[in-house]
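coords.txt follows (compact mmCIF, C-alpha atoms):
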```txt
# COMPACT_ATOMS: atom_id res chain seq x y z
CA PHE A 1 -3.85 -3.92 17.84
CA ALA A 2 -4.48 -7.46 19.03
CA HIS A 3 -2.23 -9.91 20.85
CA VAL A 4 -1.45 -12.74 18.41
CA SER A 5 -1.64 -15.23 21.28
CA CYS A 6 -5.24 -14.12 21.93
CA LEU A 7 -6.14 -14.60 18.26
CA VAL A 8 -4.58 -18.07 18.36
CA GLU A 9 -6.54 -19.10 21.45
CA GLN A 10 -9.75 -17.74 19.95
CA ALA A 11 -9.22 -19.76 16.76
CA LYS A 12 -8.43 -22.93 18.72
CA LEU A 13 -11.48 -22.64 20.99
CA LEU A 14 -13.92 -21.88 18.19
CA PHE A 15 -12.71 -24.78 16.09
CA GLU A 16 -12.83 -27.24 19.00
CA GLU A 17 -16.35 -26.08 19.79
CA ALA A 18 -17.37 -26.58 16.18
CA LYS A 19 -15.85 -30.05 16.13
CA ALA A 20 -17.57 -31.03 19.39
CA ASN A 21 -20.92 -30.04 17.92
CA ASN A 22 -20.27 -31.80 14.59
CA TRP A 23 -20.64 -28.56 12.70
CA HIS A 24 -19.97 -29.47 9.07
CA ASP A 25 -22.01 -26.57 7.72
CA LYS A 26 -21.18 -22.85 7.43
CA ARG A 27 -20.76 -22.53 11.20
CA GLY A 28 -17.93 -25.04 11.15
CA GLN A 29 -16.28 -23.33 8.19
CA ALA A 30 -16.60 -19.97 9.93
CA SER A 31 -14.77 -21.31 12.97
CA TRP A 32 -11.74 -22.26 10.86
CA ARG A 33 -11.69 -18.81 9.24
CA ARG A 34 -10.63 -17.36 12.56
CA TRP A 35 -7.13 -18.58 11.70
CA HIS A 36 -6.94 -16.07 8.86
CA LYS A 37 -9.83 -13.59 9.18
CA CYS A 38 -10.81 -11.04 11.79
CA SER A 39 -13.99 -11.99 13.68
CA LEU A 40 -15.14 -8.35 13.75
CA CYS A 41 -14.54 -6.93 10.28
CA GLU A 42 -14.11 -10.25 8.39
CA GLN A 43 -11.03 -8.89 6.61
CA THR A 44 -8.13 -11.25 5.98
CA TYR A 45 -5.07 -10.71 8.18
CA HIS A 46 -1.87 -9.77 6.37
CA GLY A 47 1.85 -9.31 6.95
CA VAL A 48 3.53 -10.55 10.10
CA VAL A 49 0.22 -11.21 11.88
CA MET A 50 -0.81 -13.67 9.17
CA CYS A 51 2.64 -15.28 9.34
CA ALA A 52 2.48 -15.69 13.12
CA LEU A 53 -1.01 -17.20 12.93
CA GLY A 54 0.18 -19.55 10.17
CA TRP A 55 2.97 -20.90 12.35
CA ALA A 56 0.66 -21.21 15.35
CA CYS A 57 -1.94 -23.06 13.27
CA TRP A 58 0.66 -25.49 11.92
CA LYS A 59 2.08 -26.19 15.39
CA THR A 60 -1.43 -26.81 16.71
CA TYR A 61 -2.35 -29.52 14.20
CA LEU A 62 1.07 -30.87 13.16
CA GLY A 63 0.74 -33.99 15.31
CA ARG A 64 -2.42 -35.21 13.61
CA PRO A 65 -2.45 -37.89 10.88
CA GLU A 66 -1.75 -36.77 7.32
CA THR A 67 -5.31 -37.73 6.35
CA ASP A 68 -6.82 -35.43 9.00
CA TRP A 69 -8.23 -32.41 7.17
CA PRO A 70 -7.32 -29.83 9.88
CA ARG A 71 -3.66 -30.83 9.39
CA CYS A 72 -4.00 -30.29 5.64
CA LEU A 73 -5.57 -26.88 6.17
CA ALA A 74 -2.91 -25.97 8.72
CA MET A 75 -0.17 -26.64 6.16
CA GLN A 76 -2.01 -24.42 3.71
CA GLN A 77 -2.33 -21.72 6.36
CA LEU A 78 1.41 -21.86 7.03
CA GLY A 79 2.16 -21.40 3.34
CA HIS A 80 -0.17 -18.38 3.17
CA GLY A 81 1.39 -16.85 6.27
CA LEU A 82 4.96 -17.21 5.02
CA GLY A 83 4.00 -15.60 1.73
CA ALA A 84 2.21 -12.74 3.50
CA ALA A 85 5.46 -11.93 5.32
CA ASP A 86 7.48 -12.13 2.06
CA HIS A 87 9.22 -15.40 3.00
CA HIS A 88 8.54 -16.72 -0.48
CA GLU A 89 11.26 -19.37 -0.73
CA ASP A 90 10.00 -20.94 2.51
CA ALA A 91 6.41 -20.64 1.30
CA LEU A 92 7.38 -22.45 -1.92
CA SER A 93 8.76 -25.42 0.02
CA VAL A 94 5.59 -25.66 2.10
CA LYS A 95 3.26 -25.37 -0.89
CA GLU A 96 5.16 -27.97 -2.94
CA ALA A 97 4.99 -30.34 0.04
CA GLU A 98 1.27 -29.65 0.36
CA MET A 99 0.65 -30.44 -3.31
CA ALA A 100 2.58 -33.71 -3.06
CA MET A 101 0.60 -34.69 0.04
CA LEU A 102 -2.78 -33.96 -1.53
CA ARG A 103 -1.86 -35.94 -4.63
CA ARG A 104 -1.12 -38.91 -2.38
CA LEU A 105 -4.52 -38.44 -0.77
CA SER A 106 -6.30 -38.19 -4.16
CA VAL A 107 -8.33 -35.12 -3.15
CA PRO A 108 -11.09 -33.72 -5.42
CA GLU A 109 -10.13 -31.61 -8.42
CA GLY A 110 -11.40 -28.37 -6.86
CA GLU A 111 -9.03 -28.73 -3.91
CA MET A 112 -6.08 -29.41 -6.21
CA LEU A 113 -6.92 -26.29 -8.22
CA ASN A 114 -6.80 -24.27 -4.98
CA VAL A 115 -3.35 -25.63 -4.15
CA GLN A 116 -2.09 -24.95 -7.69
CA CYS A 117 -3.41 -21.38 -7.32
CA ASN A 118 -1.41 -20.88 -4.14
CA LEU A 119 1.70 -22.29 -5.79
CA ALA A 120 1.30 -19.95 -8.77
CA ILE A 121 1.14 -16.97 -6.40
CA THR A 122 4.49 -17.98 -4.93
CA TYR A 123 6.07 -18.52 -8.36
CA ALA A 124 5.01 -14.98 -9.33
CA SER A 125 6.33 -13.54 -6.05
CA LEU A 126 9.71 -15.15 -6.82
CA GLY A 127 9.73 -13.69 -10.34
CA ARG A 128 9.12 -17.07 -11.99
CA HIS A 129 6.36 -15.66 -14.16
CA GLU A 130 6.46 -18.20 -17.01
CA GLN A 131 5.88 -21.03 -14.52
CA ALA A 132 3.15 -19.00 -12.89
CA LEU A 133 1.50 -18.35 -16.28
CA SER A 134 1.46 -22.03 -17.21
CA LEU A 135 -0.25 -22.87 -13.92
CA ARG A 136 -2.65 -19.94 -14.18
CA ARG A 137 -3.79 -20.98 -17.64
CA ASP A 138 -4.47 -24.54 -16.47
CA ILE A 139 -6.25 -23.38 -13.31
CA TYR A 140 -8.54 -20.95 -15.15
CA SER A 141 -9.41 -23.58 -17.74
CA GLY A 142 -10.05 -26.09 -14.95
CA ARG A 143 -12.35 -23.69 -13.10
CA LEU A 144 -14.35 -22.93 -16.25
CA LYS A 145 -14.96 -26.66 -16.80
CA LEU A 146 -15.61 -27.46 -13.14
CA ASN A 147 -17.60 -24.42 -11.99
CA GLY A 148 -18.64 -22.34 -15.02
CA GLU A 149 -17.89 -18.70 -15.83
CA GLU A 150 -20.14 -17.20 -13.13
CA HIS A 151 -18.65 -18.99 -10.14
CA PRO A 152 -16.69 -16.73 -7.73
CA GLU A 153 -13.66 -19.07 -7.91
CA THR A 154 -13.63 -18.81 -11.71
CA LEU A 155 -13.78 -15.01 -11.52
CA ARG A 156 -10.92 -14.95 -9.01
CA GLU A 157 -8.83 -17.14 -11.29
CA ALA A 158 -9.55 -14.86 -14.25
CA ASN A 159 -8.05 -12.02 -12.18
CA ASN A 160 -5.00 -14.11 -11.35
CA TYR A 161 -4.50 -15.20 -14.95
CA ALA A 162 -4.81 -11.60 -16.21
CA THR A 163 -2.35 -10.37 -13.59
CA THR A 164 0.26 -12.87 -14.72
CA LEU A 165 -0.31 -11.96 -18.38
CA SER A 166 0.32 -8.30 -17.51
CA GLU A 167 3.46 -9.18 -15.56
CA LEU A 168 4.75 -10.77 -18.77
CA GLN A 169 3.72 -7.62 -20.71
CA ARG A 170 1.02 -9.49 -22.63
CA TYR A 171 -1.34 -6.59 -22.10
CA GLN A 172 -3.72 -7.20 -24.98
CA GLU A 173 -4.46 -10.73 -23.78
CA ALA A 174 -4.97 -9.49 -20.24
CA LYS A 175 -7.35 -6.72 -21.29
CA SER A 176 -9.29 -9.04 -23.60
CA LEU A 177 -9.82 -11.55 -20.79
CA LEU A 178 -10.91 -8.88 -18.30
CA ARG A 179 -13.33 -7.23 -20.73
CA LYS A 180 -15.11 -10.60 -20.88
CA THR A 181 -15.17 -11.15 -17.13
CA MET A 182 -15.96 -7.62 -15.86
CA PRO A 183 -19.67 -7.70 -16.85
CA VAL A 184 -20.01 -11.18 -15.34
CA ALA A 185 -18.35 -10.08 -12.09
CA ARG A 186 -20.61 -7.04 -11.85
CA ARG A 187 -23.74 -9.12 -12.41
CA VAL A 188 -22.78 -11.95 -10.07
CA LEU A 189 -20.80 -10.22 -7.31
CA GLY A 190 -21.99 -6.62 -7.19
CA GLU A 191 -19.92 -3.44 -6.97
CA ASP A 192 -18.75 -3.80 -3.36
CA ASN A 193 -17.23 -7.27 -3.70
CA GLU A 194 -13.44 -7.49 -3.28
CA THR A 195 -13.00 -9.71 -6.34
CA ARG A 196 -14.95 -7.22 -8.44
CA ILE A 197 -12.78 -4.37 -7.14
CA LEU A 198 -9.64 -6.33 -8.06
CA THR A 199 -10.95 -7.10 -11.55
CA ARG A 200 -11.31 -3.41 -12.31
CA TRP A 201 -7.98 -2.52 -10.69
CA ILE A 202 -6.10 -5.14 -12.74
CA TYR A 203 -7.82 -3.90 -15.89
CA ALA A 204 -6.93 -0.27 -15.19
CA ASP A 205 -3.34 -1.25 -14.42
CA ALA A 206 -3.07 -3.11 -17.75
CA LEU A 207 -4.48 -0.07 -19.56
CA TYR A 208 -1.96 2.43 -18.24
CA THR A 209 1.17 0.22 -18.11
CA ASP A 210 0.82 -0.89 -21.73
CA PRO A 211 3.53 1.00 -23.67
CA GLY A 212 1.08 1.31 -26.55
CA ALA A 213 -1.60 2.97 -24.42
CA THR A 214 -3.48 5.81 -26.11
CA LEU A 215 -4.68 8.94 -24.33
CA ASP A 216 -8.18 7.43 -24.27
CA ASP A 217 -6.76 4.28 -22.63
CA LEU A 218 -5.04 6.34 -19.95
CA ARG A 219 -8.15 8.40 -19.29
CA GLU A 220 -10.21 5.22 -18.97
CA ALA A 221 -7.66 3.87 -16.48
CA VAL A 222 -7.88 7.05 -14.39
CA THR A 223 -11.68 7.06 -14.47
CA THR A 224 -11.83 3.41 -13.43
CA LEU A 225 -9.38 3.91 -10.55
CA GLU A 226 -11.14 7.06 -9.35
CA ASP A 227 -14.34 5.02 -9.23
CA ILE A 228 -12.96 2.03 -7.30
CA GLU A 229 -10.65 3.87 -4.86
CA PRO A 230 -13.46 5.04 -2.54
CA ILE A 231 -15.15 1.64 -2.83
CA ALA A 232 -11.93 -0.10 -1.77
CA ARG A 233 -11.50 2.38 1.08
CA ARG A 234 -15.04 1.63 2.30
CA VAL A 235 -14.92 -2.15 1.83
CA LEU A 236 -11.31 -2.92 2.78
CA GLY A 237 -10.31 0.10 4.84
CA GLY A 238 -7.85 2.87 4.07
CA ALA A 239 -4.88 1.06 5.64
CA HIS A 240 -5.39 -2.18 3.72
CA PRO A 241 -2.45 -2.99 1.38
CA ARG A 242 -4.74 -3.32 -1.64
CA THR A 243 -6.40 0.03 -1.00
CA MET A 244 -3.01 1.71 -0.74
CA ALA A 245 -1.84 -0.06 -3.90
CA ILE A 246 -4.91 1.18 -5.79
CA GLU A 247 -4.14 4.72 -4.63
CA ARG A 248 -0.55 4.41 -5.89
CA THR A 249 -1.79 3.05 -9.22
CA LEU A 250 -4.18 6.00 -9.53
CA GLN A 251 -1.37 8.49 -8.93
CA LYS A 252 0.78 6.84 -11.60
CA ALA A 253 -2.09 6.62 -14.09
CA ARG A 254 -2.89 10.32 -13.60
CA ALA A 255 0.76 11.23 -14.19
CA ALA A 256 0.88 9.09 -17.34
CA SER A 257 -2.37 10.61 -18.62
CA GLU A 258 -1.16 14.16 -18.01
CA ALA A 259 2.15 13.45 -19.73
CA LYS A 260 0.36 11.92 -22.73
CA ALA A 261 -2.02 14.89 -22.94
CA THR A 262 0.95 17.28 -22.93
CA GLU A 263 2.60 15.34 -25.76
CA ALA A 264 -0.60 15.65 -27.79
CA ILE A 265 -0.46 19.46 -27.69
CA THR A 266 1.05 20.83 -30.90
CA PRO A 267 3.84 23.44 -30.80
CA GLY A 268 1.40 26.02 -32.15
CA GLU A 269 -1.03 25.37 -29.34
CA ARG A 270 1.78 25.75 -26.78
CA VAL A 271 2.66 29.18 -28.23
CA ALA A 272 -0.98 30.23 -28.19
CA ASP A 273 -1.28 29.18 -24.54
CA LYS A 274 1.61 31.44 -23.65
```
Before anything else, please render the file you have as structure tokens.
Amino acid sequence: FAHVSCLVEQAKLLFEEAKANNWHDKRGQASWRRWHKCSLCEQTYHGVVMCALGWACWKTYLGRPETDWPRCLAMQQLGHGLGAADHHEDALSVKEAEMAMLRRLSVPEGEMLNVQCNLAITYASLGRHEQALSLRRDIYSGRLKLNGEEHPETLREANNYATTLSELQRYQEAKSLLRKTMPVARRVLGEDNETRILTRWIYADALYTDPGATLDDLREAVTTLEDIEPIARRVLGGAHPRTMAIERTLQKARAASEAKATEAITPGERVADK
């Protein structure tokens, strides 16, 4: 494990070094990522560690002017951290305040879409799925117009939109959307990309949770999950929450497929088996 205080100091020092050298390129962006990503494995922190870093980041830059971009990013980091620790009501207050601030500052459309995305995540976490869906639809449409269908941000928003559709049991719409985006994600991102992994996981989940799923649907879900589980384990690590969630989904999909296969056996076949 790592001391959170050490991670905080590392993030502070790297960002101050970047600022002193006027790094506005990828090196400067990489220095800020230390507030939310590990410098060794480049995986995003999660849970209480992310929450602690969010609070530390906010306290570090709180005293700066509202127009200072590190302060804006620190507020965003706080919202992410609160959500990661399941403090969703608190995260909602922070994210709504962030959106109001950025509207006052008239930031570019892409930045506003990012903030709306974060807000939609919190709505969904609080069970406010209709509000989340309305935002998701607007964000996905906005990304298509701003960035095009092959942009990584557009592909991420397709995942988010499909997830919300599934949460509202609109499985056909979710599957239709993902069938369009999966070939694009494979071509643009490659098999080992986290967004690509999530696209296939969300699709498999929609296949097996649909009450109208056929045996072929369930078998496709199992095959898809069996394919991505080792990829997720290699890319994200076996202890990562998403890897463990994929494993749980695979277990449930297998059980559903086996139950459906048993139902398909006729009484005569059961007698013959005995």
Near stretch 163-179 of chain A, counting all atoms listed in the file, which residues have an atom at most 8 Å away, once you skip same-chain residues fewer than 5 positions from it, shown as a list in words?
Ala124, His129, Glu130, Ala132, Leu133, Arg136, Ala158, Thr199, Ile202, Tyr203, Ala206, Leu207 and Asp210 of chain A
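Nearest residue to A:Ile231 among A:Cys57, A:Leu73, A:Ile197, A:Ala11 is A:Ile197, counting only C-alpha atoms.
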Using only C-alpha atoms, which protein or nucleic acid residues come within 10 Å of A:Asp90? Drop anything in the same chain fewer than 4 positions from it, and give the result as a VMD selection string.
chain A and resid 78 to 79 82 to 83 86 94 to 95 122
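Of the residues under consideration (A:Leu250, A:Leu218, A:Val184, A:Ile139), A:Ile139 shows the shortest atom-to-atom contact distance to A:Glu111 when counting all atoms listed in the file.
Going from atom CA of A:Gly110 over to atom CA of A:Ser93, you cover 21.5 Å.
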A:Lys59 environment, 10 Å, all atoms listed in the file, sequence neighbours closer than 4 positions dropped, as a tab-separated table (two decimals) with C-alpha atoms, in the coordinates of the input:
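So the final result, stored in selection.tsv, reads:
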```tsv
chain	number	residue	atom	x	y	z
A	53	LEU	CA	-1.01	-17.20	12.93
A	54	GLY	CA	0.18	-19.55	10.17
A	55	TRP	CA	2.97	-20.90	12.35
A	63	GLY	CA	0.74	-33.99	15.31
A	71	ARG	CA	-3.66	-30.83	9.39
A	74	ALA	CA	-2.91	-25.97	8.72
A	75	MET	CA	-0.17	-26.64	6.16
A	78	LEU	CA	1.41	-21.86	7.03
```
Measuring atom to atom with only C-alpha atoms, identify which of A:Thr223, A:Ala85, A:Ser141, A:Gln116 is nearest to A:Ala97.
A:Gln116
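In this comparison, which uses all atoms listed in the file, the residue of A:His151, A:Lys145, A:Lys180, A:His80 approaching A:Cys117 most closely is A:His80.
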Padding 5 Å on each side, edges along x, y and z: where is the centre of the box around the listed atoms of stretch 115-131 of chain A, and how long are its edges in Å to one decimal? Output it as JSON.
```
{"center_x": 3.2, "center_y": -19.6, "center_z": -10.6, "size_x": 23.1, "size_y": 22.1, "size_z": 22.9}
```
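Using all atoms listed in the file for every distance, the candidate list A:Ala204, A:Met182, A:Ala120, A:Leu144 yields A:Ala120 as the residue closest to A:Asn160.
Atom CA of A:Ser134 is positioned 21.6 Å from atom CA of A:Val107.
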Residues near A:Lys260, cut-off 12 Å, all atoms listed in the file, skip fewer than 2 positions along chain, as a list in words
Tyr208, Pro211, Gly212, Ala213, Thr214, Leu215, Asp216, Asp217, Leu218, Arg219, Ala253, Arg254, Ala255, Ala256, Ser257, Glu258, Thr262, Glu263, Ala264 and Ile265 of chain A
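Going from atom CA of A:Val222 to atom CA of A:Glu157 covers 24.4 Å.
Among A:Ala84, A:Leu155, A:Met112, A:Leu225, the residue with the shortest atom-to-atom distance to A:Asn193, counting all atoms listed in the file, is A:Leu155.
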All residues 8 Å or closer to stretch 12-14 of chain A, all atoms listed in the file, same chain fewer than 6 positions away omitted, as a list in words:
Ser31, Trp32 and Arg34 of chain A
